[in-house]
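Q: Here it is: the structure, laid out below.
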Amino acid sequence: MRFLPTDEQRDFARSLDAMLTAAGTPAATRAWAAGDPGPGRVLWSRLGESGTFALAAPEAYEGVGPLPVELAHALLESGRHAVPGPLVETIAATALLADLAEHGESAPAKRFLPSLVAGSTVATLALADASPYALDADAADLLFAVEGEELRLAPGHEGIRVSADPVRRLARPAPGGELLAAGPAVAAAARAARQWALLATAAQALGVGLALLDRTVAYARQRTQFGTPIGSFQAVKHRLADTLIGLEFARPLLFGAALTFASSDLAAAKAAAGEAVHRAAATALQIHGAVGYTEELDLALWLRKARPLRDAWGSPSWCRARVLADLDGARRP
């Protein structure tokens, strides 16, 4: 198994990093939280032009995939730059429609995938038995909802719920809407969509954790106490080192899961990345001290994402139970 990225994958990640750095993503993220999705939609279009959304779609529907390893690189960069919007949900919806097409239900894929792949349409997704709340339903163009063996295009949502992260707004799909597909193929496609959502969320969480660590290291080098940078104190060094170890432990699990795309590997990667980003947030808050709590500091854009990303699309306890269940099933004759 190859864990090192290829030259093409490195170049792709670097190009996304450069594009998002030049785009001034924090300003777009703050605008999104304030209810102005305009700057975020510009970012979305640029991600579409970069091919990010095409990575989960087959060539038959104007995609270039499925390419889960490249997708992991793309979502890691989106987390590092705190890109707003339902990226994970759009990718999961893309995977769901593509899987439906493989099972003979091609009409929804033909209708929706080209615009999703191009980045001209923002979609969100709710799975009744996995993630019943749709992310950013108020800013999305399409709200897909799966319940049992039915896929519907929801007519709207039932009101926004408060989230720990003001950039992430949650809502339940309104009942009814257009029935797009029904039957066992929908249930199978929903399972495939959750696999992609696990991978994308784990990658995004890892990116957020790396951004928190980078910002905390930079702060520890410039903040002085008793005339000495606090980064020289052993207690601070140890805390930062523990955070780095957690993140670097999650990285091979993430890209290993992207290579195998096995359910237990994806669950393990999501659990590791979720716990690592949560620890990175705690470290960042402790070392920044009181200034870490201020909304004016951009650090808050990443701090607030840690807990929601840890639990989105599968909490650590759910992921561990999934790994154990798969291992137990593998032992059975």
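Identifiers in the structure tokens: chain A, B, ... in order shown; residue index from 1 per chain; ligand index from 1 in order shown.
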Could you give me, as a CSV table (one decimal) with N, CA and C atoms, in the first residue's frame, the residues within 10 Å of Ala205 in chain A, counting only C-alpha atoms and dropping anything in the same chain fewer than 3 positions from it?

A:
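Everything below was put into out.csv:
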chain,number,residue,atom,x,y,z
A,75,LEU,N,-10.2,18.1,0.5
A,75,LEU,CA,-11.0,18.4,1.7
A,75,LEU,C,-10.0,18.8,2.9
A,76,LEU,N,-8.8,18.2,2.9
A,76,LEU,CA,-7.9,18.6,3.9
A,76,LEU,C,-7.5,20.1,3.7
A,78,SER,N,-9.4,22.4,2.3
A,78,SER,CA,-10.6,23.1,2.7
A,78,SER,C,-10.7,23.3,4.2
A,79,GLY,N,-10.3,22.3,5.0
A,79,GLY,CA,-10.3,22.5,6.4
A,79,GLY,C,-9.2,23.4,6.9
A,80,ARG,N,-8.0,23.3,6.3
A,80,ARG,CA,-6.9,24.2,6.6
A,80,ARG,C,-7.3,25.7,6.4
A,199,LEU,N,-15.1,9.9,4.8
A,199,LEU,CA,-13.8,10.3,4.3
A,199,LEU,C,-13.6,11.8,4.2
A,200,ALA,N,-14.6,12.5,3.7
A,200,ALA,CA,-14.5,14.0,3.5
A,200,ALA,C,-14.4,14.7,4.8
A,201,THR,N,-15.2,14.2,5.8
A,201,THR,CA,-15.3,14.9,7.1
A,201,THR,C,-14.0,14.7,7.8
A,202,ALA,N,-13.4,13.4,7.7
A,202,ALA,CA,-12.1,13.1,8.4
A,202,ALA,C,-11.0,14.0,7.8
A,208,VAL,N,-8.4,21.2,9.6
A,208,VAL,CA,-8.6,22.1,10.7
A,208,VAL,C,-7.6,22.0,11.8
A,209,GLY,N,-7.3,20.7,12.2
A,209,GLY,CA,-6.4,20.5,13.3
A,209,GLY,C,-5.0,21.0,12.9
A,210,LEU,N,-4.6,20.8,11.7
A,210,LEU,CA,-3.3,21.3,11.2
A,210,LEU,C,-3.2,22.8,11.3
A,211,ALA,N,-4.3,23.4,10.9
A,211,ALA,CA,-4.3,24.9,10.9
A,211,ALA,C,-4.2,25.4,12.3
A,247,LEU,N,-2.3,14.4,15.3
A,247,LEU,CA,-2.6,14.7,13.9
A,247,LEU,C,-1.8,13.8,12.9
A,250,ALA,N,-3.3,10.4,12.7
A,250,ALA,CA,-4.5,10.4,11.9
A,250,ALA,C,-4.3,10.4,10.4
A,270,LYS,N,-11.9,8.4,10.6
A,270,LYS,CA,-12.8,9.5,11.1
A,270,LYS,C,-12.7,9.6,12.6
A,272,ALA,N,-10.0,8.9,14.5
A,272,ALA,CA,-8.7,9.4,14.8
A,272,ALA,C,-8.6,10.9,14.5
A,273,ALA,N,-9.1,11.3,13.3
A,273,ALA,CA,-9.1,12.7,12.9
A,273,ALA,C,-10.0,13.5,13.8
A,274,GLY,N,-11.2,13.0,14.2
A,274,GLY,CA,-12.1,13.7,15.1
A,274,GLY,C,-11.5,14.0,16.4
A,275,GLU,N,-10.8,13.0,17.0
A,275,GLU,CA,-10.2,13.1,18.3
A,275,GLU,C,-9.0,14.1,18.2
A,276,ALA,N,-8.2,14.0,17.1
A,276,ALA,CA,-7.0,14.8,17.0
A,276,ALA,C,-7.4,16.3,16.8
A,277,VAL,N,-8.4,16.6,16.1
A,277,VAL,CA,-8.8,18.0,15.9
A,277,VAL,C,-9.4,18.5,17.2
A,278,HIS,N,-10.1,17.7,18.0
A,278,HIS,CA,-10.6,18.2,19.3
A,278,HIS,C,-9.5,18.5,20.2
A,302,TRP,N,-11.5,28.4,13.3
A,302,TRP,CA,-11.1,27.0,13.3
A,302,TRP,C,-11.5,26.3,14.6
A,305,LYS,N,-15.0,24.8,14.8
A,305,LYS,CA,-15.3,23.7,13.9
A,305,LYS,C,-14.9,22.3,14.5
A,306,ALA,N,-14.0,22.4,15.5
A,306,ALA,CA,-13.5,21.1,16.1
A,306,ALA,C,-14.5,20.2,16.6
A,307,ARG,N,-15.4,20.6,17.5
A,307,ARG,CA,-16.4,19.7,18.1
A,307,ARG,C,-17.4,19.3,17.0
A,308,PRO,N,-18.0,20.2,16.2
A,308,PRO,CA,-18.9,19.7,15.2
A,308,PRO,C,-18.3,18.7,14.2
A,309,LEU,N,-17.1,18.9,13.8
A,309,LEU,CA,-16.5,17.9,12.8
A,309,LEU,C,-16.2,16.6,13.5
A,310,ARG,N,-15.9,16.6,14.8
A,310,ARG,CA,-15.6,15.4,15.5
A,310,ARG,C,-16.8,14.5,15.5
A,312,ALA,N,-19.8,15.0,13.4
A,312,ALA,CA,-20.5,15.0,12.1
A,312,ALA,C,-20.3,13.6,11.4

Q: Which neighbours of range 107-121 of chain A fall inside 8 Å, counting only C-alpha atoms, when residues of the same chain fewer than 2 positions from it are skipped, and could you give them as a list in words?

A: Trp44, Ser45, Arg46, Leu47, Gly48, Glu49, Gly51, Thr52, Phe53, Ala54, Ala57, Tyr61, Glu62, Gly63, Thr90, Thr94, Leu97, Ala98, Leu100, Ala101, Glu105, Ala123, Ala140, Asp141, Leu142, Leu180 and Ala181 of chain A

Q: Mind writing the picked residues with C-alpha atoms as an mmCIF file, in the first residue's frame?

A:
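result-v3.cif, written as the output of this step:
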data_model
loop_
_atom_site.group_PDB
_atom_site.id
_atom_site.type_symbol
_atom_site.label_atom_id
_atom_site.label_comp_id
_atom_site.auth_asym_id
_atom_site.auth_seq_id
_atom_site.Cartn_x
_atom_site.Cartn_y
_atom_site.Cartn_z
ATOM 1 C CA TRP A 44 -17.376 27.464 -4.294
ATOM 2 C CA SER A 45 -17.163 28.275 -7.991
ATOM 3 C CA ARG A 46 -13.380 28.333 -7.807
ATOM 4 C CA LEU A 47 -13.362 24.940 -6.123
ATOM 5 C CA GLY A 48 -15.587 23.688 -8.918
ATOM 6 C CA GLU A 49 -13.163 25.041 -11.507
ATOM 7 C CA GLY A 51 -12.079 19.939 -10.137
ATOM 8 C CA THR A 52 -12.779 19.308 -6.456
ATOM 9 C CA PHE A 53 -16.401 18.236 -6.909
ATOM 10 C CA ALA A 54 -15.571 16.216 -10.012
ATOM 11 C CA ALA A 57 -18.332 11.727 -9.942
ATOM 12 C CA TYR A 61 -21.414 12.629 -15.752
ATOM 13 C CA GLU A 62 -18.567 15.094 -16.429
ATOM 14 C CA GLY A 63 -16.552 13.963 -13.430
ATOM 15 C CA THR A 90 -22.369 18.110 -1.776
ATOM 16 C CA THR A 94 -22.721 13.515 -5.735
ATOM 17 C CA LEU A 97 -26.465 10.101 -7.345
ATOM 18 C CA ALA A 98 -23.543 8.375 -9.039
ATOM 19 C CA LEU A 100 -27.866 5.282 -8.015
ATOM 20 C CA ALA A 101 -26.897 5.538 -11.680
ATOM 21 C CA GLU A 105 -31.483 4.866 -11.628
ATOM 22 C CA ALA A 123 -26.330 20.894 -2.541
ATOM 23 C CA ALA A 140 -28.051 25.492 -0.681
ATOM 24 C CA ASP A 141 -29.717 25.305 -4.076
ATOM 25 C CA LEU A 142 -30.742 21.668 -3.608
ATOM 26 C CA LEU A 180 -36.527 11.151 -7.285
ATOM 27 C CA ALA A 181 -36.011 7.422 -6.702
#

Q: Do a neighbour search on Arg194 in chain A at 8 Å with only C-alpha atoms, toss out local chain neighbours closer than 6 positions, and write the hits as a PyMOL selection string.

A: chain A and resi 92+130+313

Q: With C-alpha atoms kept, could you save the residues just selected as a PDB file, in the first residue's frame?

A:
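Generated output (again26.pdb):
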ATOM      1  CA  ALA A  92     -21.916  12.862  -0.469  1.00  0.00           C
ATOM      2  CA  ALA A 130     -27.092   8.799   9.642  1.00  0.00           C
ATOM      3  CA  TRP A 313     -21.447  11.876  10.070  1.00  0.00           C
TER       4      TRP A 313
END

Q: Can you tell me, as a PyMOL selection string, which residues in range 10-234 of chain A count as strand (DSSP E or B) by DSSP?

A: chain A and resi 58+65+123-127+131+134-135+142-147+150-153+157-161+170-173+178-182+224-225+228-229

Q: Print the selection's residues with N, CA and C atoms to a file, as a compact mmCIF listing (two decimals), in the first residue's frame.

A:
# COMPACT_ATOMS: atom_id res chain seq x y z
N PRO A 58 -18.28 10.05 -11.72
CA PRO A 58 -17.65 9.32 -12.83
C PRO A 58 -17.59 10.17 -14.10
N GLY A 65 -13.71 11.04 -11.55
CA GLY A 65 -13.49 10.04 -10.51
C GLY A 65 -14.16 8.72 -10.80
N ALA A 123 -25.34 21.86 -3.03
CA ALA A 123 -26.33 20.89 -2.54
C ALA A 123 -26.02 20.54 -1.09
N THR A 124 -27.05 20.12 -0.38
CA THR A 124 -26.87 19.56 0.94
C THR A 124 -27.70 18.29 1.02
N LEU A 125 -27.43 17.49 2.04
CA LEU A 125 -28.00 16.15 2.09
C LEU A 125 -28.32 15.78 3.53
N ALA A 126 -29.47 15.14 3.71
CA ALA A 126 -29.84 14.60 5.02
C ALA A 126 -30.19 13.12 4.84
N LEU A 127 -29.57 12.27 5.65
CA LEU A 127 -29.89 10.84 5.68
C LEU A 127 -30.55 10.55 7.01
N SER A 131 -27.40 11.17 9.25
CA SER A 131 -27.23 12.60 9.51
C SER A 131 -28.55 13.30 9.17
N ALA A 134 -29.69 18.64 7.77
CA ALA A 134 -28.97 19.09 6.58
C ALA A 134 -28.16 20.33 6.94
N LEU A 135 -26.93 20.37 6.48
CA LEU A 135 -26.06 21.51 6.74
C LEU A 135 -26.31 22.61 5.73
N LEU A 142 -30.03 22.95 -3.61
CA LEU A 142 -30.74 21.67 -3.61
C LEU A 142 -30.63 21.03 -2.23
N LEU A 143 -31.73 20.47 -1.75
CA LEU A 143 -31.73 19.77 -0.48
C LEU A 143 -32.26 18.35 -0.74
N PHE A 144 -31.35 17.39 -0.75
CA PHE A 144 -31.72 15.99 -0.94
C PHE A 144 -31.98 15.36 0.42
N ALA A 145 -33.00 14.52 0.49
CA ALA A 145 -33.34 13.85 1.73
C ALA A 145 -33.62 12.38 1.45
N VAL A 146 -32.99 11.51 2.23
CA VAL A 146 -33.20 10.06 2.11
C VAL A 146 -33.82 9.56 3.39
N GLU A 147 -34.93 8.87 3.27
CA GLU A 147 -35.57 8.22 4.40
C GLU A 147 -36.01 6.84 3.95
N GLU A 150 -36.41 5.86 0.04
CA GLU A 150 -36.89 6.95 -0.80
C GLU A 150 -35.91 8.11 -0.81
N LEU A 151 -35.63 8.61 -1.99
CA LEU A 151 -34.83 9.82 -2.17
C LEU A 151 -35.74 10.91 -2.69
N ARG A 152 -35.79 12.02 -1.95
CA ARG A 152 -36.64 13.14 -2.34
C ARG A 152 -35.83 14.42 -2.47
N LEU A 153 -36.33 15.31 -3.30
CA LEU A 153 -35.82 16.67 -3.37
C LEU A 153 -36.72 17.50 -2.47
N HIS A 157 -36.81 23.67 4.24
CA HIS A 157 -36.39 23.16 5.54
C HIS A 157 -37.32 23.70 6.62
N GLU A 158 -37.21 23.11 7.81
CA GLU A 158 -38.14 23.43 8.89
C GLU A 158 -37.57 24.39 9.92
N GLY A 159 -36.60 25.18 9.54
CA GLY A 159 -36.05 26.15 10.48
C GLY A 159 -34.62 25.81 10.86
N ILE A 160 -33.83 26.84 11.07
CA ILE A 160 -32.42 26.68 11.38
C ILE A 160 -32.21 26.42 12.87
N ARG A 161 -31.36 25.46 13.17
CA ARG A 161 -31.00 25.16 14.56
C ARG A 161 -29.62 25.71 14.87
N LEU A 170 -27.76 24.15 10.82
CA LEU A 170 -28.41 22.86 10.66
C LEU A 170 -29.92 23.02 10.56
N ALA A 171 -30.55 22.16 9.76
CA ALA A 171 -32.01 22.21 9.61
C ALA A 171 -32.52 20.85 9.17
N ARG A 172 -33.72 20.52 9.59
CA ARG A 172 -34.36 19.31 9.10
C ARG A 172 -35.07 19.61 7.78
N PRO A 173 -35.02 18.68 6.82
CA PRO A 173 -35.75 18.90 5.57
C PRO A 173 -37.25 18.94 5.82
N GLU A 178 -40.39 16.36 -4.24
CA GLU A 178 -40.38 15.49 -5.42
C GLU A 178 -39.67 14.17 -5.12
N LEU A 179 -40.32 13.05 -5.44
CA LEU A 179 -39.71 11.74 -5.29
C LEU A 179 -38.80 11.49 -6.49
N LEU A 180 -37.51 11.34 -6.22
CA LEU A 180 -36.53 11.15 -7.29
C LEU A 180 -36.24 9.69 -7.56
N ALA A 181 -36.28 8.85 -6.53
CA ALA A 181 -36.01 7.42 -6.70
C ALA A 181 -36.50 6.69 -5.47
N ALA A 182 -36.81 5.40 -5.64
CA ALA A 182 -37.27 4.58 -4.53
C ALA A 182 -36.83 3.15 -4.77
N THR A 224 5.62 36.34 24.59
CA THR A 224 6.68 36.24 25.60
C THR A 224 6.12 36.34 27.00
N GLN A 225 6.82 35.70 27.91
CA GLN A 225 6.49 35.77 29.34
C GLN A 225 7.82 35.75 30.10
N THR A 228 10.75 35.77 27.80
CA THR A 228 11.09 34.57 27.03
C THR A 228 9.87 34.10 26.24
N PRO A 229 10.05 33.67 24.96
CA PRO A 229 8.91 33.13 24.21
C PRO A 229 8.32 31.92 24.94

Q: Just list as a PyMOL selection string whatever in range 86-195 of chain A DSSP marks as alpha helix (DSSP H).

A: chain A and resi 87-102+107-118+184-195

Q: Create the file for the chosen residues now, containing N, CA, C and O atoms and written as a short mmCIF file (atom, residue, chain, number, x, y, z; two decimals), in the first residue's frame.

A:
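Output contents, as saved in part.cif:
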data_model
loop_
_atom_site.label_atom_id
_atom_site.label_comp_id
_atom_site.auth_asym_id
_atom_site.auth_seq_id
_atom_site.Cartn_x
_atom_site.Cartn_y
_atom_site.Cartn_z
N LEU A 87 -19.59 21.42 1.84
CA LEU A 87 -18.72 20.69 0.93
C LEU A 87 -18.90 19.19 1.07
O LEU A 87 -19.04 18.47 0.07
N VAL A 88 -18.87 18.72 2.31
CA VAL A 88 -19.01 17.28 2.55
C VAL A 88 -20.35 16.78 2.02
O VAL A 88 -20.44 15.73 1.37
N GLU A 89 -21.40 17.55 2.29
CA GLU A 89 -22.74 17.11 1.88
C GLU A 89 -22.90 17.12 0.37
O GLU A 89 -23.57 16.24 -0.20
N THR A 90 -22.30 18.09 -0.31
CA THR A 90 -22.37 18.11 -1.78
C THR A 90 -21.63 16.91 -2.36
O THR A 90 -22.10 16.27 -3.32
N ILE A 91 -20.49 16.59 -1.78
CA ILE A 91 -19.73 15.42 -2.24
C ILE A 91 -20.51 14.14 -1.97
O ILE A 91 -20.57 13.24 -2.82
N ALA A 92 -21.12 14.05 -0.79
CA ALA A 92 -21.92 12.86 -0.47
C ALA A 92 -23.12 12.74 -1.41
O ALA A 92 -23.46 11.63 -1.86
N ALA A 93 -23.77 13.86 -1.71
CA ALA A 93 -24.90 13.83 -2.64
C ALA A 93 -24.44 13.41 -4.04
O ALA A 93 -25.13 12.66 -4.74
N THR A 94 -23.28 13.90 -4.44
CA THR A 94 -22.72 13.51 -5.74
C THR A 94 -22.48 12.01 -5.78
O THR A 94 -22.83 11.33 -6.77
N ALA A 95 -21.89 11.47 -4.72
CA ALA A 95 -21.63 10.03 -4.66
C ALA A 95 -22.93 9.24 -4.65
O ALA A 95 -23.03 8.17 -5.27
N LEU A 96 -23.95 9.76 -3.96
CA LEU A 96 -25.24 9.07 -3.90
C LEU A 96 -25.86 8.98 -5.29
O LEU A 96 -26.33 7.91 -5.72
N LEU A 97 -25.87 10.10 -6.01
CA LEU A 97 -26.47 10.10 -7.35
C LEU A 97 -25.69 9.21 -8.31
O LEU A 97 -26.27 8.52 -9.14
N ALA A 98 -24.36 9.22 -8.18
CA ALA A 98 -23.54 8.38 -9.04
C ALA A 98 -23.78 6.90 -8.75
O ALA A 98 -23.85 6.08 -9.68
N ASP A 99 -23.92 6.55 -7.48
CA ASP A 99 -24.18 5.15 -7.12
C ASP A 99 -25.56 4.71 -7.59
O ASP A 99 -25.74 3.57 -8.05
N LEU A 100 -26.53 5.60 -7.49
CA LEU A 100 -27.87 5.28 -8.01
C LEU A 100 -27.81 4.97 -9.51
O LEU A 100 -28.47 4.04 -9.99
N ALA A 101 -27.02 5.76 -10.24
CA ALA A 101 -26.90 5.54 -11.68
C ALA A 101 -26.30 4.16 -11.97
O ALA A 101 -26.71 3.49 -12.94
N GLU A 102 -25.36 3.72 -11.15
CA GLU A 102 -24.77 2.40 -11.34
C GLU A 102 -25.79 1.30 -11.11
O GLU A 102 -25.65 0.20 -11.65
N ALA A 107 -31.65 8.75 -14.05
CA ALA A 107 -32.32 10.02 -14.31
C ALA A 107 -31.87 11.13 -13.34
O ALA A 107 -31.54 12.24 -13.78
N PRO A 108 -31.82 10.88 -12.01
CA PRO A 108 -31.35 11.95 -11.11
C PRO A 108 -29.91 12.35 -11.39
O PRO A 108 -29.56 13.54 -11.28
N ALA A 109 -29.06 11.40 -11.74
CA ALA A 109 -27.66 11.73 -12.02
C ALA A 109 -27.55 12.62 -13.25
O ALA A 109 -26.81 13.62 -13.25
N LYS A 110 -28.28 12.29 -14.29
CA LYS A 110 -28.25 13.11 -15.51
C LYS A 110 -28.78 14.52 -15.25
O LYS A 110 -28.29 15.49 -15.83
N ARG A 111 -29.71 14.62 -14.36
CA ARG A 111 -30.35 15.91 -14.10
C ARG A 111 -29.49 16.82 -13.23
O ARG A 111 -29.42 18.04 -13.47
N PHE A 112 -28.84 16.25 -12.21
CA PHE A 112 -28.18 17.10 -11.21
C PHE A 112 -26.65 17.07 -11.23
O PHE A 112 -26.02 18.07 -10.84
N LEU A 113 -26.04 15.98 -11.63
CA LEU A 113 -24.60 15.87 -11.48
C LEU A 113 -23.78 16.90 -12.26
O LEU A 113 -22.79 17.42 -11.74
N PRO A 114 -24.13 17.21 -13.51
CA PRO A 114 -23.28 18.17 -14.23
C PRO A 114 -23.11 19.51 -13.51
O PRO A 114 -22.00 20.04 -13.43
N SER A 115 -24.18 20.06 -12.94
CA SER A 115 -24.06 21.34 -12.25
C SER A 115 -23.36 21.20 -10.90
O SER A 115 -22.65 22.11 -10.46
N LEU A 116 -23.54 20.05 -10.24
CA LEU A 116 -22.83 19.83 -8.97
C LEU A 116 -21.33 19.72 -9.23
O LEU A 116 -20.52 20.28 -8.48
N VAL A 117 -20.96 19.00 -10.26
CA VAL A 117 -19.55 18.81 -10.60
C VAL A 117 -18.90 20.14 -10.97
O VAL A 117 -17.76 20.43 -10.60
N ALA A 118 -19.62 20.96 -11.68
CA ALA A 118 -19.07 22.25 -12.13
C ALA A 118 -18.95 23.26 -11.01
O ALA A 118 -18.24 24.26 -11.15
N PRO A 184 -34.55 -0.55 -3.12
CA PRO A 184 -33.29 -0.96 -2.47
C PRO A 184 -32.07 -0.20 -2.97
O PRO A 184 -31.10 -0.03 -2.23
N ALA A 185 -32.11 0.27 -4.23
CA ALA A 185 -30.95 1.01 -4.77
C ALA A 185 -30.72 2.30 -4.00
O ALA A 185 -29.57 2.73 -3.86
N VAL A 186 -31.77 2.91 -3.49
CA VAL A 186 -31.62 4.15 -2.72
C VAL A 186 -30.90 3.87 -1.41
O VAL A 186 -29.99 4.61 -1.00
N ALA A 187 -31.30 2.79 -0.74
CA ALA A 187 -30.64 2.44 0.52
C ALA A 187 -29.16 2.14 0.30
O ALA A 187 -28.30 2.54 1.09
N ALA A 188 -28.84 1.42 -0.78
CA ALA A 188 -27.45 1.11 -1.09
C ALA A 188 -26.66 2.38 -1.41
O ALA A 188 -25.51 2.54 -0.97
N ALA A 189 -27.28 3.28 -2.17
CA ALA A 189 -26.61 4.53 -2.52
C ALA A 189 -26.39 5.40 -1.29
O ALA A 189 -25.38 6.11 -1.19
N ALA A 190 -27.33 5.37 -0.35
CA ALA A 190 -27.17 6.14 0.89
C ALA A 190 -25.99 5.63 1.69
O ALA A 190 -25.25 6.41 2.30
N ARG A 191 -25.79 4.30 1.71
CA ARG A 191 -24.63 3.74 2.41
C ARG A 191 -23.33 4.20 1.74
O ARG A 191 -22.35 4.54 2.42
N ALA A 192 -23.32 4.22 0.42
CA ALA A 192 -22.14 4.69 -0.30
C ALA A 192 -21.89 6.17 -0.02
O ALA A 192 -20.74 6.59 0.17
N ALA A 193 -22.95 6.97 0.04
CA ALA A 193 -22.81 8.40 0.32
C ALA A 193 -22.22 8.61 1.70
O ALA A 193 -21.38 9.51 1.90
N ARG A 194 -22.62 7.79 2.66
CA ARG A 194 -22.07 7.96 4.01
C ARG A 194 -20.58 7.62 4.04
O ARG A 194 -19.81 8.25 4.77
N GLN A 195 -20.16 6.65 3.24
CA GLN A 195 -18.74 6.33 3.17
C GLN A 195 -17.94 7.54 2.69
O GLN A 195 -16.89 7.88 3.25
#

Q: Hey, which of A:His73, A:Ala197, A:Pro166, A:Thr283 ends up closest to Glu295 in chain A? Count only C-alpha atoms.

A: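 Nearest candidate to Glu295 in chain A out of A:His73, A:Ala197, A:Pro166, A:Thr283: A:Pro166.
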